[in-house]
Amino acid sequence: MKQTRTVEIVTGFFIILGFIALYVIATRATNIRAYGDSNGYNVTASFTNVGGLKVRAPVTMSGVAVGRVTDIRLDPKSFNAIVTIQVNGAYREIPDDTTASILTSGLLGEQYIGLSPGGSDTFLKQGSQITYTQSAIVLENLIGKFLSSGKATSGGK
Amino acid sequence: MRLLREAYYIVLEFLEMLGACVLFLMRLIRLIPQSLLRPRLIFQQIFSVGGMSLVLIMVSGLFIGMVLGLQGYNTLNKFAATSALGTLVVLSLLRELGPVVTALLFAGRAGTALTSEIGLMRATEQIAGMEMMAVDPVRRIVVPRFLAGVISMPLLVGIFNAIGILGGFLVGVGLMKVDIGAFWSQIHSTVDLHEDFMSGVLKSFVFGIATTLIAVFEGYYAQPTAEGVSRATTRTVVNSALAVLALDYLLTAFMF
């Protein structure tokens with residue numbers, strides 16, 4: 001009788017411990033907070049070049065994360081990239097003339113979207129589009145421009 | 001010519017074993033609903049399969065996490081990227097090391113026990129005795145053990161991962177003085193719930209099915225002699241390890 005009780009207690013302990021471990025990992029060691037914000041709203045922005053921007057990249061304003069990139073598609077007509085951003089429900093009053101630019105954290109870091117607020121009295125809402133955008137800076141193009149301008153100046157001398 | 005013939009027989013033998021294993025799995029799956037009516041048998045087996053492996057899994061998880069923390073720190077330090085240590089530890093545990101190492105340990109600890117237990121039952125004619133009493137030995141002995149293994153494996157992997165992360169955290173933050181905020185914030189921003197965590201759980205589930213199936217299969221079809229049982233036990237470890245590593249490659253290729 002005592003034997004079976006020990007067996008039962010250890011079994012129960014093992015199962016509970018296993019589920020606790022899985023739960024703790026899922027909630028504490030993953031990006032679970034990026035999911036399931038049902039309160040948020042979606043806005044889109046069109047860029048001529050998104051560079052290395054990825055889905056689930058953070059969207060920040062003044063360095064504070066306010067949302068995430070949920071989708072990146074190509075517009076079949078204009079051939080621009082359409083980026084869908086989910087903004088947290090806590091930030092409802094973002095002016096609709098806000099500028100969205102694709103930035104890089106550090107020299108080789110991940111790319112993210114930075115929002116700089118405009119001065120409009122009307123706010124972004126579900127489905128609205130951010131009209132002012134600044135595309136990603138592609139390092140190769142920049143170097144190319146730098147090299148060709150260097151040639152031009154030395155040639156002019 | 002002789003070499004070719006031998007290769008032919010090896011391939012044939014492998015196919016035969018694979019086929020027999022899959023057929024056995026079908027038989028087990030058909031009997032699962034009936035054996036769910038007696039959950040007590042399953043719980044008892046969860047104790048001997050999962051509960052008894054608990055300490056081994058926890059200690060190995062701790063050490064693997066600590067080694068990851070140490071090695072990761074030394075390498076990342078060269079690139080001044082020690083803030084990514086948490087990501088390195090968690091990703092390598094969740095995606096690869098957790099499921100694979102737990103499955104290998106599980107095969108060594110619980111798989112061998114299952115094989116030799118069932119094999120000895122056959123050798124001492126307990127299985128034949130059950131058949132005489134019109135009790136299906138597969139339903140009564142094999143299915144509860146199989147279910148217990150399949151249930152235990154993801155839980156063991158979860159425990160292994162949790163303790164491993166703790167070990168990496170202790171070494172990284174406690175010993176090497178990596179910034180605690182950077183450690184966790186990097187984890188929160190990089191480790192994906194679906195892509196990394198869920199696929200790891202799926203892996204552990206598949207490994208659980210594979211290792212337990214091989215263990216009960218080898219035990220049930222062991223030659224009913226002392227030598228036969230010992231051979232079956234060896235085969236369990238070897239085949240489980242090979243199956244886990246091969247499946248790991250396949251699943252990784254499919255999922256990531």
# chains A, B, ... in the order shown; residues from 1 in each chain; ligands from 1
$ interface_residues --of "chain A" --to "chain B" --cutoff "10 Å" --atoms "only C-alpha atoms" --output "JSON, numbers by chain"
{"A": [4, 6, 7, 8, 9, 10, 11, 12, 13, 14, 15, 16, 17, 18, 19, 20, 21, 22, 23, 24, 25, 26, 27, 28, 29, 30, 31, 32, 33, 34, 35, 56, 57, 58]}
$ select_by_dssp --residues "chain A" --states "strand (DSSP E)" --output "JSON, numbers by chain"
{"A": [41, 42, 43, 44, 45, 46, 47, 58, 59, 60, 61, 64, 65, 66, 67, 68, 69, 70, 71, 72, 73, 74, 81, 82, 83, 84, 85, 86, 87, 99, 100, 101, 102, 103, 104, 111, 112, 113, 114, 115, 116, 129, 130, 132, 133, 134]}
$ select_by_dssp --residues "segment 96-126 of chain B" --states "alpha helix (DSSP H)" --output "list in words"
Gly98, Pro99, Val100, Val101, Thr102, Ala103, Leu104, Leu105, Phe106, Thr112, Ala113, Leu114, Thr115, Ser116, Glu117, Ile118, Gly119, Leu120, Met121, Arg122, Ala123 and Gln126 of chain B
$ closest_residue --among "B:Pro33, B:Gly167, B:Gly119, B:Pro144" --to "Phe63 of chain B" --atoms "only C-alpha atoms"
B:Gly167
$ atom_distance --atom1 "atom CA of Leu124 of chain A" --atom2 "atom CA of Ile94 of chain A"
5.7 Å
$ residues_around --residues "Gln126 of chain A" --least-positions-apart "6" --cutoff "9 Å" --atoms "only C-alpha atoms" --output "PDB file with N, CA and C atoms, in the first residue's frame"
ATOM      1  N   GLY A  40      -4.646  45.253 -30.573  1.00  0.00           N
ATOM      2  CA  GLY A  40      -3.898  46.108 -31.484  1.00  0.00           C
ATOM      3  C   GLY A  40      -4.637  46.390 -32.775  1.00  0.00           C
ATOM      4  N   TYR A  41      -4.075  47.271 -33.589  1.00  0.00           N
ATOM      5  CA  TYR A  41      -4.674  47.569 -34.885  1.00  0.00           C
ATOM      6  C   TYR A  41      -3.582  47.564 -35.951  1.00  0.00           C
ATOM      7  N   ASN A  42      -3.989  47.293 -37.187  1.00  0.00           N
ATOM      8  CA  ASN A  42      -3.033  47.126 -38.277  1.00  0.00           C
ATOM      9  C   ASN A  42      -2.999  48.368 -39.155  1.00  0.00           C
ATOM     10  N   VAL A  43      -1.803  48.805 -39.490  1.00  0.00           N
ATOM     11  CA  VAL A  43      -1.643  49.853 -40.490  1.00  0.00           C
ATOM     12  C   VAL A  43      -0.649  49.334 -41.526  1.00  0.00           C
TER      13      VAL A  43
END
$ residues_around --residues "Gly108 of chain B" --least-positions-apart "4" --cutoff "12 Å" --atoms "only C-alpha atoms" --output "short mmCIF file (atom, residue, chain, number, x, y, z; two decimals) with N, CA and C atoms, in the first residue's frame"
data_model
loop_
_atom_site.label_atom_id
_atom_site.label_comp_id
_atom_site.auth_asym_id
_atom_site.auth_seq_id
_atom_site.Cartn_x
_atom_site.Cartn_y
_atom_site.Cartn_z
N VAL B 49 9.02 4.68 -16.24
CA VAL B 49 9.69 5.17 -17.45
C VAL B 49 10.16 6.61 -17.28
N SER B 53 13.61 8.34 -14.64
CA SER B 53 14.64 9.01 -15.44
C SER B 53 14.84 10.45 -15.02
N LEU B 56 18.37 11.68 -13.63
CA LEU B 56 19.37 11.63 -14.69
C LEU B 56 19.19 12.81 -15.65
N ILE B 57 17.92 13.04 -16.05
CA ILE B 57 17.64 14.11 -17.02
C ILE B 57 17.98 15.47 -16.42
N VAL B 101 19.45 14.97 -26.90
CA VAL B 101 20.17 14.38 -25.76
C VAL B 101 19.20 13.66 -24.83
N THR B 102 18.02 14.26 -24.61
CA THR B 102 17.04 13.59 -23.76
C THR B 102 16.64 12.25 -24.36
N ALA B 103 16.45 12.22 -25.68
CA ALA B 103 16.05 10.96 -26.32
C ALA B 103 17.15 9.91 -26.18
N LEU B 104 18.40 10.33 -26.33
CA LEU B 104 19.50 9.37 -26.20
C LEU B 104 19.59 8.84 -24.77
N THR B 112 16.17 0.58 -22.40
CA THR B 112 16.79 -0.71 -22.08
C THR B 112 15.98 -1.43 -21.01
N ALA B 113 15.48 -0.66 -20.04
CA ALA B 113 14.68 -1.30 -18.98
C ALA B 113 13.43 -1.93 -19.56
N LEU B 114 12.78 -1.21 -20.49
CA LEU B 114 11.57 -1.76 -21.12
C LEU B 114 11.88 -3.03 -21.89
N THR B 115 12.95 -2.97 -22.70
CA THR B 115 13.30 -4.14 -23.52
C THR B 115 13.59 -5.35 -22.65
N SER B 116 14.45 -5.16 -21.64
CA SER B 116 14.84 -6.35 -20.87
C SER B 116 13.65 -6.85 -20.05
N THR B 211 11.73 6.06 -29.88
CA THR B 211 12.55 5.30 -28.93
C THR B 211 11.71 4.27 -28.18
N THR B 212 10.49 4.65 -27.76
CA THR B 212 9.68 3.68 -27.02
C THR B 212 9.24 2.54 -27.91
N ALA B 215 12.06 0.18 -28.28
CA ALA B 215 12.31 -0.57 -27.04
C ALA B 215 11.29 -1.69 -26.86
N THR B 233 18.54 -5.88 -25.86
CA THR B 233 18.79 -4.65 -25.12
C THR B 233 19.84 -3.81 -25.83
N THR B 234 20.91 -4.47 -26.30
CA THR B 234 21.93 -3.73 -27.04
C THR B 234 21.34 -3.10 -28.30
N ARG B 235 20.55 -3.91 -29.02
CA ARG B 235 19.95 -3.38 -30.26
C ARG B 235 19.06 -2.18 -29.97
N THR B 236 18.35 -2.21 -28.83
CA THR B 236 17.51 -1.07 -28.49
C THR B 236 18.31 0.22 -28.45
N VAL B 237 19.45 0.17 -27.75
CA VAL B 237 20.25 1.39 -27.61
C VAL B 237 20.78 1.83 -28.97
N VAL B 238 21.35 0.87 -29.72
CA VAL B 238 21.96 1.23 -31.00
C VAL B 238 20.90 1.76 -31.96
N ASN B 239 19.81 1.02 -32.12
CA ASN B 239 18.79 1.44 -33.08
C ASN B 239 18.12 2.73 -32.67
N SER B 240 17.86 2.90 -31.36
CA SER B 240 17.23 4.15 -30.93
C SER B 240 18.12 5.33 -31.24
N ALA B 241 19.42 5.18 -30.94
CA ALA B 241 20.33 6.30 -31.19
C ALA B 241 20.35 6.65 -32.68
#
$ residues_around --residues "Arg122 of chain B" --least-positions-apart "3" --cutoff "9 Å" --atoms "only C-alpha atoms" --output "JSON, numbers by chain"
{"B": [117, 118, 119, 125, 126, 127, 128, 219, 220, 221, 222, 223, 224, 225]}
$ write_last_selection --atoms "C-alpha atoms" --output "compact mmCIF listing (two decimals), in the first residue's frame"
# COMPACT_ATOMS: atom_id res chain seq x y z
CA GLU B 117 11.62 -6.38 -18.82
CA ILE B 118 9.43 -7.45 -21.73
CA GLY B 119 12.13 -9.77 -23.05
CA GLU B 125 6.95 -17.56 -20.44
CA GLN B 126 4.79 -15.00 -18.68
CA ILE B 127 3.62 -13.75 -22.06
CA ALA B 128 2.69 -17.27 -23.14
CA GLY B 219 11.62 -6.66 -26.11
CA TYR B 220 8.48 -8.28 -27.46
CA TYR B 221 10.29 -10.04 -30.29
CA ALA B 222 13.43 -10.88 -28.31
CA GLN B 223 14.69 -14.44 -28.48
CA PRO B 224 13.49 -16.04 -25.25
CA THR B 225 16.97 -16.80 -23.94
$ atom_distance --atom1 "atom CA of Ser83 of chain B" --atom2 "atom CA of Ile180 of chain B"
8.8 Å
$ residues_around --residues "Phe47 of chain A" --least-positions-apart "5" --cutoff "12 Å" --atoms "only C-alpha atoms" --output "PyMOL selection string"
chain A and resi 53+72-75+78-84+99-102+113+129-137
$ write_last_selection --atoms "C-alpha atoms" --output "PDB file, in the first residue's frame"
ATOM      1  CA  LEU A  53      13.441  43.646 -42.822  1.00  0.00           C
ATOM      2  CA  ILE A  72       5.647  41.922 -45.938  1.00  0.00           C
ATOM      3  CA  ARG A  73       4.242  41.622 -49.465  1.00  0.00           C
ATOM      4  CA  LEU A  74       5.003  42.950 -52.919  1.00  0.00           C
ATOM      5  CA  ASP A  75       2.391  45.215 -54.489  1.00  0.00           C
ATOM      6  CA  SER A  78       3.632  49.491 -58.221  1.00  0.00           C
ATOM      7  CA  PHE A  79       6.250  46.872 -57.305  1.00  0.00           C
ATOM      8  CA  ASN A  80       6.643  48.490 -53.919  1.00  0.00           C
ATOM      9  CA  ALA A  81       6.882  46.446 -50.743  1.00  0.00           C
ATOM     10  CA  ILE A  82       3.746  46.657 -48.588  1.00  0.00           C
ATOM     11  CA  VAL A  83       4.580  46.212 -44.917  1.00  0.00           C
ATOM     12  CA  THR A  84       1.773  45.511 -42.455  1.00  0.00           C
ATOM     13  CA  THR A  99       6.962  58.945 -40.964  1.00  0.00           C
ATOM     14  CA  ALA A 100       8.054  55.303 -41.032  1.00  0.00           C
ATOM     15  CA  SER A 101      11.706  54.573 -41.786  1.00  0.00           C
ATOM     16  CA  ILE A 102      13.585  51.301 -41.909  1.00  0.00           C
ATOM     17  CA  ILE A 113      10.969  50.210 -38.352  1.00  0.00           C
ATOM     18  CA  GLN A 129      -1.751  53.714 -44.566  1.00  0.00           C
ATOM     19  CA  ILE A 130       1.401  55.548 -43.537  1.00  0.00           C
ATOM     20  CA  THR A 131       2.158  57.785 -46.519  1.00  0.00           C
ATOM     21  CA  TYR A 132       5.554  59.161 -45.545  1.00  0.00           C
ATOM     22  CA  THR A 133       8.128  56.416 -45.659  1.00  0.00           C
ATOM     23  CA  GLN A 134      11.868  56.149 -45.924  1.00  0.00           C
ATOM     24  CA  SER A 135      13.306  52.968 -47.348  1.00  0.00           C
ATOM     25  CA  ALA A 136      16.176  50.918 -46.047  1.00  0.00           C
ATOM     26  CA  ILE A 137      19.653  52.188 -46.747  1.00  0.00           C
TER      27      ILE A 137
END
$ residues_around --residues "Cys21 of chain B" --least-positions-apart "6" --cutoff "9 Å" --atoms "only C-alpha atoms" --output "NGL selection string"
:B and (213-214 or 217)
$ write_last_selection --atoms "N, CA and C atoms" --output "PDB file, in the first residue's frame"
ATOM      1  N   LEU B 213       8.901   2.875 -29.173  1.00  0.00           N
ATOM      2  CA  LEU B 213       8.478   1.816 -30.089  1.00  0.00           C
ATOM      3  C   LEU B 213       9.604   0.806 -30.279  1.00  0.00           C
ATOM      4  N   ILE B 214      10.821   1.308 -30.511  1.00  0.00           N
ATOM      5  CA  ILE B 214      11.949   0.395 -30.715  1.00  0.00           C
ATOM      6  C   ILE B 214      12.160  -0.460 -29.459  1.00  0.00           C
ATOM      7  N   PHE B 217       9.336  -3.025 -29.100  1.00  0.00           N
ATOM      8  CA  PHE B 217       9.402  -3.962 -30.232  1.00  0.00           C
ATOM      9  C   PHE B 217      10.516  -4.979 -30.013  1.00  0.00           C
TER      10      PHE B 217
END
